[in-house]
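A.B. asks: This structure is in structure tokens; I'll ask about it shortly.
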Amino acid sequence: MLVTGPAGIGKTRLVEEALREGARPPTSPPAGASAAVQVGRGYSLPDHAAPALWPWQQALRALARRGGRPARISSAVDLLEGAGSCDAPGDAASAAAVRFAALAAVADAVLTAAAEPLVIVLEDLHWADTNTVELVRQVAGGIVDSHLLLIATMRAEAGDVMRELSRLDSVNAVPLRPLAAAAVRDYLTALDPAASTAARAEQVARRSGGLPLLLDAAASDAAAPEPVVVRDLVEALLAQLPEPARRVVQVAALLRSPMDTDVVGQVAEVDGSTAGLALDAACRAGLLTPATSWGGVEGLGFAFTHDPAG
Ligand SMILES: Nc1ncnc2c1ncn2[C@@H]1O[C@H](COP(=O)(O)OP(=O)(O)OP(=O)(O)O)[C@@H](O)[C@H]1O
Ligand SMILES: [Mg+2]
């Protein structure tokens with residue numbers, strides 16, 4: 001299962017809720033059902049210092065610590081460590097073949113360990129190294145014959161990898177979309193039924209762009225003049241960006257959306273690749289989304305997640 005969507009849309013929360021639901025003992029367990037299903041989680045980091053296959057290492061080590069099938073999981077961990085450090089001699093093609101075979105052996109060990117139910121969660125695959133993604137692909141190839149549920153979360157910015165994984169037969173893609181006003185109203189009702197009206201839900205949905213991350217901020221400041229709330233929300237997102245990304249995004253806000261990378265770069269007085277990197281960073285921060293079509297050309301341009309004019 002591949003859960004996708006921008007920063008703050010609720011990917012991690014959805015996984016947590018699903019795991020919590022799954023951890024509840026069934027009211028009438030099937031005959032012969034064993035104890036709770038083991039869950040191993042791993043996280044990709046934006047930091048390039050993380051070792052190869054880091055999310056898989058975390059997830060499999062967590063499973064090995066929890067027991068159940070320690071021997072089978074331990075052999076997967078050993079193979080994984082070998083694959084991560086395998087430095088094959090020779091040309092690039094044979095090195096790739098050795099790496100591929102090493103990952104295939106890990107995939108095989110993971111699937112063997114999943115002769116009984118097993119859940120592996122890999123978070124933030126958009127930051128993952130190529131070997132981590134390759135191992136996801138290989139495990140997904142054999143998953144239908146196992147009792148493994150592999151859940152990965154990923155921001156849409158890693159478009160190519162996301163599309164490639166989504167196309168695999170065994171992958172169930174779950175793209176998350178902004179909350180509609182009706183869902184925002186349900187949320188507000190749960191907080192305070194007396195203060196939840198359709199008009200307020202519309203207002204909070206507009207201010208937050210339906211992004212769960214911003215719901216509380218948008219709802220708690222509902223009495224403030226709208227531009228103040230929008231400014232606070234956008235400033236919080238901008239603060240996550242390094243310079244010159246902040247300046248590029250400020251220029252982009254003036255040009256309105258959708259926008260072209262080259263035009264933004266020229267106005268912000270940076271070269272095209274710096275502007276492109278800045279706009280990518282803004283996508284990761286949840287400020288922008290890549291526009292699917294700009295001037296009829298796929299993949300060019302960006303649009304604001306939250307219209308800067310409110
Ligand atoms: N359906 C929801 N209702 C209410 N709050 C939600 C909902 N979904 C997510 N949230 C809250 O919104 C915040 C952001 O959610 P979450 O961390 O799951 O986003 P994410 O998509 O994993 O973001 P990132 O890509 O940065 O990891 C969290 O505080 C979470 O509890
Ligand atoms: Mg998350």
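Labeling convention for the structure tokens: chains A, B, ... as they appear, residues from 1 per chain, ligands from 1 in order of appearance.
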Please tabulate, as a Markdown table, the residues of chain A that come within 6 Å of ligand 1, each with its closest pair of atoms and the distance in Å to one decimal, counting only C-alpha atoms and all ligand atoms and ordering rows by chain, then residue number upward.

C.D. replies:
```
| residue | atom | partner | partner_atom_place_in_ligand_line | distance |
| --- | --- | --- | --- | --- |
| A:Pro6 | CA | ligand 1 | 25 (O) | 5.8 |
| A:Ala7 | CA | ligand 1 | 25 (O) | 3.5 |
| A:Gly8 | CA | ligand 1 | 19 (O) | 3.5 |
| A:Ile9 | CA | ligand 1 | 21 (O) | 4.1 |
| A:Gly10 | CA | ligand 1 | 18 (O) | 3.2 |
| A:Lys11 | CA | ligand 1 | 21 (O) | 3.8 |
| A:Thr12 | CA | ligand 1 | 18 (O) | 3.6 |
| A:Arg13 | CA | ligand 1 | 18 (O) | 3.7 |
| A:Arg155 | CA | ligand 1 | 25 (O) | 5.6 |
| A:Pro212 | CA | ligand 1 | 12 (O) | 4.2 |
| A:Leu213 | CA | ligand 1 | 12 (O) | 3.7 |
```

A.B. asks: Skipping near chain neighbours, those fewer than 4 positions away, what residues fall within 7 Å of Ile143 in chain A using only C-alpha atoms, listed as a count of residues only?

C.D. replies: 3

A.B. asks: Please return as a list in words: the residues of range 99-144 of chain A that backbone DSSP assigns to strand (DSSP E or B).

C.D. replies: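 So the strand (DSSP E or B) residues in range 99-144 of chain A would be Leu118, Val119, Ile120, Val121, Leu122 and Glu123 of chain A.
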
A.B. asks: Those same residues - C-alpha atoms - I'd like them written as a PDB file, in the first residue's frame.

C.D. replies:
```
ATOM      1  CA  LEU A 118       3.767  -9.277   9.279  1.00  0.00           C
ATOM      2  CA  VAL A 119       3.435  -5.525   8.770  1.00  0.00           C
ATOM      3  CA  ILE A 120       6.310  -3.299   7.598  1.00  0.00           C
ATOM      4  CA  VAL A 121       5.849   0.487   7.444  1.00  0.00           C
ATOM      5  CA  LEU A 122       8.382   2.589   5.526  1.00  0.00           C
ATOM      6  CA  GLU A 123       7.821   6.304   6.063  1.00  0.00           C
TER       7      GLU A 123
END
```

A.B. asks: Which of these residues is nearest to ligand 2, using only C-alpha atoms and all ligand atoms: A:Val204, A:Val144, A:Ala195, A:Leu125?

C.D. replies: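 So, comparing all the options, the nearest one is A:Leu125.
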
A.B. asks: If we count only C-alpha atoms, what is near Leu14 in chain A at a cut-off of 12 Å, once residues fewer than 5 positions away on the same chain are taken out, given as a PDB file with C-alpha atoms, in the first residue's frame?

C.D. replies:
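Just written: part.pdb:
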```
ATOM      1  CA  MET A   1       0.000   0.000   0.000  1.00  0.00           C
ATOM      2  CA  LEU A   2       1.467   3.332  -1.089  1.00  0.00           C
ATOM      3  CA  VAL A   3       0.004   6.340   0.766  1.00  0.00           C
ATOM      4  CA  THR A   4       0.819   9.535  -1.122  1.00  0.00           C
ATOM      5  CA  GLY A   5       0.166  13.267  -0.831  1.00  0.00           C
ATOM      6  CA  GLY A   8       0.800  17.619   6.296  1.00  0.00           C
ATOM      7  CA  ILE A   9      -2.010  15.912   4.385  1.00  0.00           C
ATOM      8  CA  LEU A  19      -2.312   0.250  12.870  1.00  0.00           C
ATOM      9  CA  ARG A  20      -4.233   1.187  16.014  1.00  0.00           C
ATOM     10  CA  GLU A  21      -7.405  -0.267  14.520  1.00  0.00           C
ATOM     11  CA  VAL A 121       5.849   0.487   7.444  1.00  0.00           C
ATOM     12  CA  GLU A 123       7.821   6.304   6.063  1.00  0.00           C
ATOM     13  CA  ILE A 151       2.857   0.228   3.798  1.00  0.00           C
ATOM     14  CA  ALA A 152       4.926   3.101   2.425  1.00  0.00           C
ATOM     15  CA  THR A 153       4.249   6.827   2.720  1.00  0.00           C
ATOM     16  CA  VAL A 174      -3.857   5.607  -1.746  1.00  0.00           C
ATOM     17  CA  PRO A 175      -3.535   9.278  -2.763  1.00  0.00           C
ATOM     18  CA  LEU A 176      -4.736  11.618  -0.009  1.00  0.00           C
ATOM     19  CA  PRO A 212      -5.044  18.718   8.208  1.00  0.00           C
TER      20      PRO A 212
END
```

A.B. asks: From the list A:Ala102, A:Leu45, A:Val39, A:Ala275, which residue is nearest ligand 2 when using only C-alpha atoms and all ligand atoms?

C.D. replies: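 Between A:Ala102, A:Leu45, A:Val39, A:Ala275, the residue approaching ligand 2 most closely is A:Leu45.
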
A.B. asks: Pick from A:Trp127, A:Ala83, A:Glu134, A:Ala97: nearest to ligand 2, with only C-alpha atoms and all ligand atoms counted?

C.D. replies: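 Ranking A:Trp127, A:Ala83, A:Glu134, A:Ala97 by distance to ligand 2, first place goes to A:Trp127.
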
A.B. asks: Using Å and a single decimal, report how far CA of Glu17 in chain A sits from CA of Val136 in chain A.

C.D. replies: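 Going from CA of Val136 in chain A over to CA of Glu17 in chain A covers 22.6 Å.
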
A.B. asks: Please determine, counting only C-alpha atoms, which residue among A:Leu277, A:Leu60, A:Leu215, A:Met154 has the shortest atom-to-atom distance to Asp124 in chain A.

C.D. replies: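 Counting only C-alpha atoms, the residue closest to Asp124 in chain A is A:Met154.
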
A.B. asks: Need the shell around Asp262 in chain A: protein/DNA/RNA residues with any atom at most 10 Å away, counting only C-alpha atoms. Skip same-chain ones fewer than 5 positions apart. Format as a PyMOL selection string?

C.D. replies: chain A and resi 267-268+270-276+301

A.B. asks: I want to know what sits within 12 Å of Arg247 in chain A, based on only C-alpha atoms, with residues of the same chain fewer than 4 positions away left out; could you give that as a compact mmCIF listing (two decimals) with C-alpha atoms, in the first residue's frame?

C.D. replies:
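result-v5.txt was written with the following content:
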```
# COMPACT_ATOMS: atom_id res chain seq x y z
CA LEU A 238 8.11 29.75 4.66
CA ALA A 239 10.17 29.51 7.85
CA LEU A 241 12.66 26.99 3.72
CA PRO A 242 16.34 27.86 3.34
CA GLU A 243 17.45 30.99 1.49
CA VAL A 251 8.64 36.38 -6.05
CA ALA A 252 6.45 33.49 -7.14
CA ALA A 253 3.68 34.76 -4.87
CA LEU A 254 3.73 38.11 -6.66
CA VAL A 264 10.43 33.08 -11.47
CA GLY A 265 14.23 32.68 -11.69
CA VAL A 267 12.54 37.96 -11.61
CA ALA A 268 14.27 36.64 -8.44
CA GLU A 269 17.64 37.09 -10.19
CA VAL A 270 18.81 33.52 -9.71
CA THR A 274 18.48 27.49 -8.35
CA ALA A 275 14.88 28.56 -8.97
CA ALA A 278 13.85 26.47 -4.53
CA LEU A 279 10.45 25.59 -5.97
CA ALA A 282 8.63 24.83 -1.48
```

A.B. asks: May I ask which of the residues A:Pro117, A:Pro55, A:Gly82, A:Pro244 is the closest one to Tyr43 in chain A, counting only C-alpha atoms?

C.D. replies: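 Result for the nearest residue to Tyr43 in chain A: A:Pro55.
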
A.B. asks: With distances taken over only C-alpha atoms and all ligand atoms, which residue among A:Val15, A:Ala205, A:Ala113, A:Val161 lies nearest ligand 2?

C.D. replies: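 Result for the nearest residue to ligand 2: A:Val15.
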
A.B. asks: Measure the distance from CA of Ala71 in chain A to CA of Ser170 in chain A in Å and round it to one decimal.

C.D. replies: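 Taking CA of Ala71 in chain A as the start and CA of Ser170 in chain A as the end point, the length is 27.0 Å.
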
A.B. asks: Name the residues in contact with Asp78 in chain A at a cut-off of 12 Å, using only C-alpha atoms, excluding same-chain residues fewer than 2 positions from it; report them as an NGL selection string.

C.D. replies: :A and (56-57 or 60-61 or 64 or 70-76 or 80-85 or 102-103 or 105-106 or 109-110)

A.B. asks: Residues of the last selection are to be written out with C-alpha atoms, as a JSON list (two decimals), in the first residue's frame.

C.D. replies:
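See part25.json below for the written result:
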```json
[["chain", "number", "residue", "atom", "x", "y", "z"],
["A", 56, "TRP", "CA", 14.59, -1.20, 5.94],
["A", 57, "GLN", "CA", 17.30, -1.63, 8.58],
["A", 60, "LEU", "CA", 13.64, -5.27, 10.23],
["A", 61, "ARG", "CA", 15.70, -4.68, 13.37],
["A", 64, "ALA", "CA", 13.88, -8.89, 15.16],
["A", 70, "PRO", "CA", 13.68, -14.03, 15.28],
["A", 71, "ALA", "CA", 15.70, -16.54, 13.25],
["A", 72, "ARG", "CA", 13.95, -15.73, 9.96],
["A", 73, "ILE", "CA", 14.01, -11.98, 10.53],
["A", 74, "SER", "CA", 17.62, -12.08, 11.72],
["A", 75, "SER", "CA", 18.69, -13.74, 8.51],
["A", 76, "ALA", "CA", 16.95, -10.94, 6.58],
["A", 80, "LEU", "CA", 20.39, -6.55, 4.44],
["A", 81, "GLU", "CA", 23.58, -5.43, 6.16],
["A", 82, "GLY", "CA", 25.59, -7.31, 3.51],
["A", 83, "ALA", "CA", 23.61, -5.69, 0.70],
["A", 84, "GLY", "CA", 24.04, -2.21, 2.18],
["A", 85, "SER", "CA", 27.81, -2.52, 2.35],
["A", 102, "ALA", "CA", 21.94, -9.03, -2.93],
["A", 103, "LEU", "CA", 18.63, -7.15, -2.67],
["A", 105, "ALA", "CA", 18.17, -12.31, -1.40],
["A", 106, "VAL", "CA", 16.93, -9.82, 1.22],
["A", 109, "ALA", "CA", 14.25, -13.57, 3.30],
["A", 110, "VAL", "CA", 11.63, -10.92, 4.17]]
```
